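Okay, so here's the structure we're looking at.
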Amino acid sequence: MLNRILDPIRGAWKEATDSQVWASIFRHGKPVSNRNRALVMMSNVFLHLHPVKSRKAGIKLRYTWCMGGITFFLFLVLTFTGLLLMFYYRPTVEYAYADIVDLQEHVPLGIMRELHRWGAHAMVITVWLHMLRVFMTGSYKPPREFNWAIGVVLLVLTLLLSFTGYLLPWDQLAIWAITVGSNMARATPLLGTEGPLSASLTLGDIALVNAGNDARFALLGAQSVGQPTLLRFYVLHCVGLPLGAAVLMAVHFWRVRKDGGISGPM
Amino acid sequence: MIGLFQDLVNWVSGPTVLFTVTTVGLLLAFRYTQVWSKRVAIWGFSVLAVLYVASMWNPDFLLIVAKPDNIPITGVIFLVLFFTWYAMYQGIENDRRRAAGEEIHEKKESDKVWVWPDLVYTEMLAMVLLSIVLLVWSILLAAPLEQPANPADSPNPSKAPWYFLGLQEMLVYFDPWLAGVVFPTLIIVGLIAIPYIDRNPKGNGYFTFRERKAEIVIFLYGFLILWCLLVISGTFLRGPNWNFFGPYEYWDVHRVEPLLNVNISDFFWVKLLGRPLPSGGLFAALLREWLGLLMVGAYLFVLPVVTSWPREKFPGFLRWLSLRKYYDRMGPTRFYIGVSLFLLMMSLPIKMYLRWAFNLKYIVAFPEIFFNI
């Protein structure tokens with residue numbers, strides 16, 4: 001009885017995997033023989049991030065906690081959900097908040113904003129845990145010093161991505177968090193109006209550093225969080241920072257391979 | 001009974017007590033490493049989880065913990081604790097194996113396996129599980145949206161996003177140019193510098209504690225206490241006007257805490273010598289701050305040199321100050337950079353304790369040029 005249902009499915013599956021289309025996509029047989037297990041890794045651009053073989057201890061969950069992989073997956077989730085959110089959201093003081101309300105109230109079954117926000121929070125935590133794991137296994141030691149440095153920059157980019165995204169809903173939570181966060185830039189030595197030594201930068205009687213050109217102004221595009229800030233953070237959040245993170249991730253993964261794969265005892 | 005317990009927890013959560021208890025606890029855990037066992041972990045996590053859930057019946061606790069954007073903090077508490085335990089547990093297990101002449105865990109499994117299926121399937125499973133977690137989380141809990149932005153109405157307390165609250169907490173003890181600019185930069189630079197300063201060849205690619213004690217103690221102190229703990233207390237325990245509130249306390253906007261903080265210069269000139277602070281001109285300002293400048297200078301520039309001296313140069317009770325062993329191993333450049341970064345990191349807890357003990361505001365204060373330490 002069961003076979004009468006399954007046999008046509010099996011037949012169709014065989015038909016499909018024997019077809020010219022299938023053979024044009026997957027240039028080798030199923031990865032059940034060792035030869036094909038190697039070929040699947042080398043002929044697929046996504047799987048190609050991996051080596052063909054790896055040390056058993058290194059790929060165990062107890063060793064890596066899969067934290068780096070989870071972080072990368074979250075980045076992909078955030079890219080995808082972020083893209084969908086961009087269809088609805090306009091980064092202007094006039095529309096931003098209303099668009100978020102619309103997203104919540106008029107998009108049926110809409111959980112894209114939730115996925116995006118919780119995913120972002122989760123990513124911050126998984127990056128920390130990934131760093132903890134890499135530290136505790138001494139994986140930053142030679143020859144992986146440089147990749148640790150790349151990782152630290154990626155950690156900073158993750159925090160900045162989250163920080164810039166925090167402003168976009170344009171609610172009270174958003175502008176005051178960014179106001180508090182960016183107030184510190186006022187105190188940058190030499191470059192902030194209330195920073196040490198900034199007052200000594202003068203040209204005759206004219207103070208070179210003022211509220212209209214200091215470090216905080218550069219960050220906000222204005223003297224307080226406003227329309228220029230929203231646009232600036234939007235562009236950084238959707239284009240600038242993700243591009244930078246993507247490039248550095250490519251370097252990070254590449255170097256994992258080039259520095260000898262997942263770390264392990266010599 | 002419950003009231004007594006809540007008062008106790010509120011008291012323990014106070015900045016001074018919490019910071020001291022967690023620091024001492026962490027150091028004791030490094031000294032008595034048998035606490036990183038499965039049994040202690042199961043008991044510890046169970047008790048913590050039960051207390052955490054039971055506390056939800058307290059409206060003040062629930063209000064702060066259930067705030068949507070504070071959910072990650074609950075994650076941080078349990079995940080960071082769990083993974084710290086897990087790393088230490090495996091490290092100590094490996095140390096035990098080494099001592100017993102057995103092979104460490106990572107070495108036992110050093111044969112190579114096919115990435116398909118052994119790794120690819122794990123990744124697939126992780127993706128599926130994580131997707132489920134995210135979907136369920138997103139369906140159950142709506143993302144927060146407060147009133148539309150209003151630049152004229154600043155909420156009290158105004159908080160940065162949760163992952164920056166460690167820095168905001170630092171603002172209590174340091175001026176923004178340090179807490180918001182210099183220290184974040186130093187954290188990034190210091191993290192990047194780790195592999196170049198730590199030249200200990202042991203512990204590369206496996207969990208261990210004994211083979212790299214100093215590195216792990218310093219890193220975990222920084223990560224757990226100076227970063228995570230400050231993030232957690234900044235989120236859960238700082239209320240209106242950035243006053244401290246225990247987890248079971250109502251956030252009273254009108255609570256006033258007297259702030260009578262004094263500078264080192266006040267201690268020296270006014271309290272000790274009983275005369276007014278020197279004033280007028282650059283020389284007077286330098287004279288006013290001479291003690292603070294001397295202290296900071298000695299801390300940042302003399303201490304690294306002194307600690308590099310051999311043990312014999314110190315009187316007996318100060319021998320522990322000699323880090324000659326590390327100096328010989330690391331060489332002068334790495335040693336001075338490493339010790340300086342360590343001292344800069346320790347300046348945070350030092351300033352915290354100076355504040356709590358003496359109400360000290362600034363060690364060096366040049367408010368004229370916003371240069372206060």
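Just so we're on the same page: first chain in the structure tokens is A, next is B, and so on; residues restart at 1 for each chain, and ligands are numbered from 1 in the order they show up.
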
For chain B, report every residue with an atom at most 6 Å from chain A (counting only C-alpha atoms), formatted as a VMD selection string. chain B and resid 106 109 to 116 138 143 146 to 149 159 to 161 176 to 177 180 to 181 192 195 203 to 207 369 to 371

Just the selected residues (N, CA and C atoms), exported as a short mmCIF file (atom, residue, chain, number, x, y, z; two decimals), in the first residue's frame, please.
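Writing the result to selection-v8.cif gives the following:
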```cif
data_model
loop_
_atom_site.label_atom_id
_atom_site.label_comp_id
_atom_site.auth_asym_id
_atom_site.auth_seq_id
_atom_site.Cartn_x
_atom_site.Cartn_y
_atom_site.Cartn_z
N GLU B 106 40.96 16.98 22.96
CA GLU B 106 41.09 17.42 21.57
C GLU B 106 42.13 16.59 20.82
N GLU B 109 40.89 12.99 19.54
CA GLU B 109 40.09 12.95 18.31
C GLU B 109 40.75 13.75 17.21
N SER B 110 42.03 13.50 16.98
CA SER B 110 42.68 14.33 15.97
C SER B 110 42.68 13.67 14.59
N ASP B 111 42.02 12.51 14.45
CA ASP B 111 41.89 11.94 13.11
C ASP B 111 40.93 12.80 12.29
N LYS B 112 41.13 12.76 10.96
CA LYS B 112 40.32 13.63 10.11
C LYS B 112 39.06 12.91 9.64
N VAL B 113 37.97 13.67 9.59
CA VAL B 113 36.71 13.08 9.11
C VAL B 113 36.19 13.91 7.94
N TRP B 114 35.29 13.33 7.17
CA TRP B 114 34.71 14.04 6.02
C TRP B 114 33.80 15.15 6.52
N VAL B 115 34.00 16.34 5.93
CA VAL B 115 33.16 17.48 6.34
C VAL B 115 31.70 17.22 5.93
N TRP B 116 31.50 16.59 4.77
CA TRP B 116 30.17 16.05 4.46
C TRP B 116 30.20 14.60 4.82
N SER B 138 9.80 35.44 17.99
CA SER B 138 9.20 36.57 17.28
C SER B 138 7.68 36.51 17.29
N ALA B 143 8.12 43.22 18.96
CA ALA B 143 9.21 44.18 19.11
C ALA B 143 8.67 45.45 19.74
N GLU B 146 7.72 52.48 21.31
CA GLU B 146 7.19 53.43 22.29
C GLU B 146 6.53 54.60 21.58
N GLN B 147 6.28 55.67 22.32
CA GLN B 147 5.68 56.86 21.72
C GLN B 147 6.62 57.42 20.65
N PRO B 148 6.04 58.15 19.67
CA PRO B 148 6.90 58.75 18.64
C PRO B 148 7.98 59.62 19.27
N ALA B 149 9.09 59.71 18.56
CA ALA B 149 10.22 60.48 19.08
C ALA B 149 9.81 61.91 19.40
N LYS B 159 18.58 55.63 28.61
CA LYS B 159 19.63 54.63 28.54
C LYS B 159 20.06 54.38 27.10
N ALA B 160 21.35 54.12 26.93
CA ALA B 160 21.88 53.68 25.64
C ALA B 160 21.38 52.25 25.40
N PRO B 161 21.55 51.69 24.18
CA PRO B 161 21.21 50.29 23.98
C PRO B 161 21.95 49.41 24.99
N PRO B 176 33.05 61.62 30.50
CA PRO B 176 32.77 61.01 29.20
C PRO B 176 34.00 60.83 28.30
N TRP B 177 34.98 61.72 28.42
CA TRP B 177 36.11 61.56 27.49
C TRP B 177 36.86 60.26 27.78
N GLY B 180 33.58 57.24 27.53
CA GLY B 180 32.92 57.12 26.25
C GLY B 180 33.85 57.10 25.05
N VAL B 181 35.07 57.58 25.23
CA VAL B 181 35.96 57.67 24.08
C VAL B 181 37.25 56.86 24.29
N ILE B 192 42.70 43.54 20.34
CA ILE B 192 43.50 43.21 19.15
C ILE B 192 44.93 42.88 19.56
N PRO B 195 46.91 38.73 21.11
CA PRO B 195 47.79 37.69 20.58
C PRO B 195 49.24 38.14 20.45
N GLY B 203 48.48 25.93 25.32
CA GLY B 203 47.04 26.18 25.28
C GLY B 203 46.57 26.69 23.95
N ASN B 204 47.22 26.31 22.86
CA ASN B 204 46.81 26.75 21.53
C ASN B 204 45.97 25.65 20.87
N GLY B 205 44.67 25.85 20.87
CA GLY B 205 43.81 24.90 20.17
C GLY B 205 43.18 23.86 21.05
N TYR B 206 43.14 24.09 22.34
CA TYR B 206 42.41 23.19 23.23
C TYR B 206 42.08 23.91 24.52
N PHE B 207 41.07 23.40 25.22
CA PHE B 207 40.68 24.00 26.48
C PHE B 207 41.68 23.61 27.56
N ILE B 369 39.85 72.76 31.08
CA ILE B 369 40.04 72.20 29.74
C ILE B 369 39.37 70.83 29.63
N PHE B 370 38.39 70.55 30.48
CA PHE B 370 37.66 69.28 30.48
C PHE B 370 38.59 68.09 30.65
N PHE B 371 39.69 68.30 31.36
CA PHE B 371 40.63 67.19 31.54
C PHE B 371 40.53 66.72 32.98
#
```

Give me the residues near segment 331-334 of chain B as a CSV table (one decimal) with N, CA and C atoms, in the first residue's frame, where near means some atom within 10 Å (using only C-alpha atoms) and where sequence neighbours in that chain fewer than 3 positions away do not count.
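Now in around18.csv:
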```
chain,number,residue,atom,x,y,z
B,193,ALA,N,45.4,43.5,20.6
B,193,ALA,CA,46.8,43.3,21.0
B,193,ALA,C,47.0,42.0,21.7
B,196,TYR,N,49.4,39.4,20.4
B,196,TYR,CA,50.8,39.9,20.2
B,196,TYR,C,51.5,40.1,21.5
B,197,ILE,N,50.7,40.2,22.6
B,197,ILE,CA,51.3,40.4,23.9
B,197,ILE,C,51.5,39.0,24.6
B,198,ASP,N,50.5,38.2,24.4
B,198,ASP,CA,50.6,36.8,25.1
B,198,ASP,C,51.4,35.9,24.2
B,199,ARG,N,52.6,35.6,24.6
B,199,ARG,CA,53.5,34.8,23.8
B,199,ARG,C,53.6,33.4,24.4
B,305,VAL,N,57.6,50.1,35.3
B,305,VAL,CA,59.0,49.9,35.4
B,305,VAL,C,59.4,49.1,36.7
B,308,SER,N,59.0,45.5,36.7
B,308,SER,CA,59.9,44.7,36.0
B,308,SER,C,61.2,44.3,36.7
B,326,TYR,N,57.6,37.4,34.1
B,326,TYR,CA,56.9,37.7,32.8
B,326,TYR,C,57.8,38.6,31.9
B,327,TYR,N,58.5,39.5,32.6
B,327,TYR,CA,59.4,40.4,31.9
B,327,TYR,C,60.4,39.6,31.1
B,328,ASP,N,61.0,38.6,31.8
B,328,ASP,CA,62.0,37.8,31.1
B,328,ASP,C,61.4,37.0,29.9
B,337,ILE,N,53.9,47.3,27.3
B,337,ILE,CA,52.6,47.5,26.7
B,337,ILE,C,51.5,46.7,27.4
B,338,GLY,N,51.9,45.4,27.7
B,338,GLY,CA,50.9,44.5,28.4
B,338,GLY,C,50.6,45.1,29.8
B,339,VAL,N,51.6,45.4,30.5
B,339,VAL,CA,51.3,45.9,31.9
B,339,VAL,C,50.6,47.2,31.9
B,340,SER,N,50.9,48.1,30.9
B,340,SER,CA,50.2,49.4,30.8
B,340,SER,C,48.7,49.1,30.5
```

Given only C-alpha atoms as the counted atoms, nearest of A:Leu49, A:Met131, A:Leu157, A:Val235 to Arg90 of chain A: A:Val235

Secondary structure check, strand (DSSP E) residues of segment 159-242 of chain A, as a VMD selection string: chain A and resid 202 to 203 206 to 207

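In this comparison, which uses only C-alpha atoms, the residue of A:His237, A:Lys258, A:Arg10, A:His252 approaching Pro91 of chain A most closely is A:His237.
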
For the structure I just gave you, how does DSSP split segment 92-241 of chain B - specifically, which residues are alpha helix (DSSP H)? Reply as a PyMOL selection string. chain B and resi 92-99+105-108+115-118+120-140+165-170+176+183-197+213-220+230-236

I want to know what sits within 12 Å of Gly221 of chain A, based on only C-alpha atoms, with residues of the same chain fewer than 2 positions away left out; could you give that as a compact mmCIF listing (two decimals) with N, CA and C atoms, in the first residue's frame?
```
# COMPACT_ATOMS: atom_id res chain seq x y z
N SER A 182 25.47 58.99 21.72
CA SER A 182 26.31 59.87 20.91
C SER A 182 26.78 61.09 21.69
N ALA A 211 30.19 73.29 18.43
CA ALA A 211 29.10 72.30 18.35
C ALA A 211 28.67 72.05 16.92
N GLY A 212 29.04 72.94 16.01
CA GLY A 212 28.62 72.78 14.62
C GLY A 212 29.62 72.05 13.76
N ASN A 213 30.73 71.62 14.35
CA ASN A 213 31.69 70.89 13.51
C ASN A 213 32.49 69.85 14.28
N ASP A 214 32.06 69.51 15.50
CA ASP A 214 32.89 68.59 16.27
C ASP A 214 32.57 67.12 15.94
N ALA A 215 33.16 66.21 16.71
CA ALA A 215 33.01 64.79 16.42
C ALA A 215 31.56 64.35 16.49
N ARG A 216 30.81 64.91 17.43
CA ARG A 216 29.42 64.53 17.58
C ARG A 216 28.61 64.99 16.38
N PHE A 217 28.95 66.19 15.89
CA PHE A 217 28.26 66.70 14.71
C PHE A 217 28.51 65.80 13.51
N ALA A 218 29.74 65.31 13.39
CA ALA A 218 30.06 64.41 12.29
C ALA A 218 29.24 63.13 12.37
N LEU A 219 29.02 62.67 13.60
CA LEU A 219 28.27 61.43 13.80
C LEU A 219 26.79 61.64 13.50
N GLN A 223 23.25 69.12 15.27
CA GLN A 223 23.65 69.35 16.66
C GLN A 223 22.83 68.53 17.64
N SER A 224 21.73 67.94 17.16
CA SER A 224 21.00 66.98 17.99
C SER A 224 20.44 65.92 17.05
N VAL A 225 19.96 64.82 17.62
CA VAL A 225 19.45 63.73 16.79
C VAL A 225 18.24 64.21 15.99
N GLY A 226 18.36 64.24 14.69
CA GLY A 226 17.28 64.76 13.84
C GLY A 226 17.29 64.10 12.48
N GLN A 227 16.63 64.74 11.51
CA GLN A 227 16.52 64.15 10.17
C GLN A 227 17.88 63.75 9.57
N PRO A 228 18.90 64.62 9.63
CA PRO A 228 20.18 64.20 9.05
C PRO A 228 20.73 62.94 9.72
N THR A 229 20.50 62.82 11.05
CA THR A 229 20.98 61.65 11.76
C THR A 229 20.26 60.39 11.27
N LEU A 230 18.95 60.52 11.12
CA LEU A 230 18.16 59.37 10.69
C LEU A 230 18.65 58.86 9.33
N LEU A 231 18.86 59.79 8.41
CA LEU A 231 19.32 59.40 7.07
C LEU A 231 20.71 58.78 7.14
N ARG A 232 21.58 59.44 7.90
CA ARG A 232 22.95 58.98 8.04
C ARG A 232 23.00 57.56 8.62
N PHE A 233 22.24 57.36 9.69
CA PHE A 233 22.25 56.04 10.34
C PHE A 233 21.61 54.98 9.42
```

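The space between atom CA of Gly44 of chain B and atom CA of Leu134 of chain B spans 27.0 Å.
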
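Shortest atom-to-atom contact with Phe164 of chain B among B:Ile225, B:Val21, B:Ile232, B:Ala365: B:Ile232, counting only C-alpha atoms.
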
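Interatomic distance, atom CA of Gly246 of chain B against atom CA of Gln168 of chain B: 18.2 Å.
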
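Using only C-alpha atoms, the protein and nucleic acid residues lying no more than 9 Å from Ser43 of chain A, apart from those fewer than 4 places from it along its own chain, are Phe26, Arg27, His28, Ala38, Leu39, Leu47 and His48 of chain A.
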
Go ahead and write the residues just picked, C-alpha atoms, as an mmCIF file, in the first residue's frame.
```cif
data_model
loop_
_atom_site.group_PDB
_atom_site.id
_atom_site.type_symbol
_atom_site.label_atom_id
_atom_site.label_comp_id
_atom_site.auth_asym_id
_atom_site.auth_seq_id
_atom_site.Cartn_x
_atom_site.Cartn_y
_atom_site.Cartn_z
ATOM 1 C CA PHE A 26 25.406 19.128 -9.522
ATOM 2 C CA ARG A 27 28.399 17.922 -11.438
ATOM 3 C CA HIS A 28 28.868 14.748 -9.428
ATOM 4 C CA ALA A 38 35.291 15.606 -1.788
ATOM 5 C CA LEU A 39 33.722 16.775 -5.053
ATOM 6 C CA LEU A 47 30.156 24.553 0.705
ATOM 7 C CA HIS A 48 33.548 25.544 -0.627
#
```

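You will find atom CA of Thr16 of chain B at 28.7 Å from atom CA of Thr307 of chain B.
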
Near Arg311 of chain B, counting only C-alpha atoms, which residues have an atom at most 12 Å away, once you skip same-chain residues fewer than 2 positions from it, shown as a list in words? Val306, Thr307, Ser308, Trp309, Lys313, Phe314, Pro315, Gly316, Phe317, Leu318, Arg319, Trp320, Leu321, Ser322, Leu323, Arg324, Lys325 and Tyr327 of chain B

For N, CA and C atoms, I'd like the residues from the last selection saved as a PDB file, in the first residue's frame.
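Final file, result.pdb:
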```
ATOM      1  N   VAL B 306      58.720  49.550  37.777  1.00  0.00           N
ATOM      2  CA  VAL B 306      59.012  48.913  39.067  1.00  0.00           C
ATOM      3  C   VAL B 306      58.703  47.415  39.026  1.00  0.00           C
ATOM      4  N   THR B 307      57.580  47.077  38.403  1.00  0.00           N
ATOM      5  CA  THR B 307      57.200  45.661  38.404  1.00  0.00           C
ATOM      6  C   THR B 307      58.165  44.809  37.589  1.00  0.00           C
ATOM      7  N   SER B 308      58.973  45.451  36.749  1.00  0.00           N
ATOM      8  CA  SER B 308      59.912  44.654  35.954  1.00  0.00           C
ATOM      9  C   SER B 308      61.185  44.335  36.725  1.00  0.00           C
ATOM     10  N   TRP B 309      61.336  44.920  37.927  1.00  0.00           N
ATOM     11  CA  TRP B 309      62.541  44.636  38.711  1.00  0.00           C
ATOM     12  C   TRP B 309      62.517  43.210  39.253  1.00  0.00           C
ATOM     13  N   LYS B 313      65.019  43.019  44.685  1.00  0.00           N
ATOM     14  CA  LYS B 313      65.044  44.464  44.896  1.00  0.00           C
ATOM     15  C   LYS B 313      63.938  44.939  45.827  1.00  0.00           C
ATOM     16  N   PHE B 314      62.951  44.073  46.075  1.00  0.00           N
ATOM     17  CA  PHE B 314      61.814  44.494  46.885  1.00  0.00           C
ATOM     18  C   PHE B 314      61.988  44.036  48.333  1.00  0.00           C
ATOM     19  N   PRO B 315      61.459  44.822  49.287  1.00  0.00           N
ATOM     20  CA  PRO B 315      61.369  44.296  50.647  1.00  0.00           C
ATOM     21  C   PRO B 315      60.400  43.121  50.648  1.00  0.00           C
ATOM     22  N   GLY B 316      60.622  42.182  51.581  1.00  0.00           N
ATOM     23  CA  GLY B 316      59.894  40.917  51.589  1.00  0.00           C
ATOM     24  C   GLY B 316      58.403  41.000  51.316  1.00  0.00           C
ATOM     25  N   PHE B 317      57.696  41.925  52.013  1.00  0.00           N
ATOM     26  CA  PHE B 317      56.241  41.924  51.887  1.00  0.00           C
ATOM     27  C   PHE B 317      55.760  42.496  50.556  1.00  0.00           C
ATOM     28  N   LEU B 318      56.673  43.048  49.760  1.00  0.00           N
ATOM     29  CA  LEU B 318      56.275  43.607  48.463  1.00  0.00           C
ATOM     30  C   LEU B 318      56.743  42.749  47.285  1.00  0.00           C
ATOM     31  N   ARG B 319      57.288  41.570  47.610  1.00  0.00           N
ATOM     32  CA  ARG B 319      57.859  40.724  46.554  1.00  0.00           C
ATOM     33  C   ARG B 319      56.859  40.407  45.449  1.00  0.00           C
ATOM     34  N   TRP B 320      55.582  40.291  45.848  1.00  0.00           N
ATOM     35  CA  TRP B 320      54.552  39.915  44.869  1.00  0.00           C
ATOM     36  C   TRP B 320      54.445  40.933  43.741  1.00  0.00           C
ATOM     37  N   LEU B 321      54.974  42.161  43.995  1.00  0.00           N
ATOM     38  CA  LEU B 321      54.920  43.190  42.957  1.00  0.00           C
ATOM     39  C   LEU B 321      55.830  42.865  41.779  1.00  0.00           C
ATOM     40  N   SER B 322      56.817  42.025  42.011  1.00  0.00           N
ATOM     41  CA  SER B 322      57.784  41.741  40.951  1.00  0.00           C
ATOM     42  C   SER B 322      57.194  40.801  39.911  1.00  0.00           C
ATOM     43  N   LEU B 323      57.135  41.284  38.675  1.00  0.00           N
ATOM     44  CA  LEU B 323      56.643  40.446  37.574  1.00  0.00           C
ATOM     45  C   LEU B 323      57.816  40.066  36.672  1.00  0.00           C
ATOM     46  N   ARG B 324      59.007  39.961  37.287  1.00  0.00           N
ATOM     47  CA  ARG B 324      60.223  39.709  36.523  1.00  0.00           C
ATOM     48  C   ARG B 324      60.088  38.476  35.622  1.00  0.00           C
ATOM     49  N   LYS B 325      59.413  37.458  36.180  1.00  0.00           N
ATOM     50  CA  LYS B 325      59.209  36.211  35.443  1.00  0.00           C
ATOM     51  C   LYS B 325      58.610  36.497  34.065  1.00  0.00           C
ATOM     52  N   TYR B 327      58.523  39.476  32.600  1.00  0.00           N
ATOM     53  CA  TYR B 327      59.405  40.380  31.867  1.00  0.00           C
ATOM     54  C   TYR B 327      60.433  39.581  31.078  1.00  0.00           C
TER      55      TYR B 327
END
```

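With only C-alpha atoms as the atoms that count, the residue of B:Met88, B:Val253, B:Ile132, B:Leu141 with the shortest distance to Gln34 of chain B is B:Met88.
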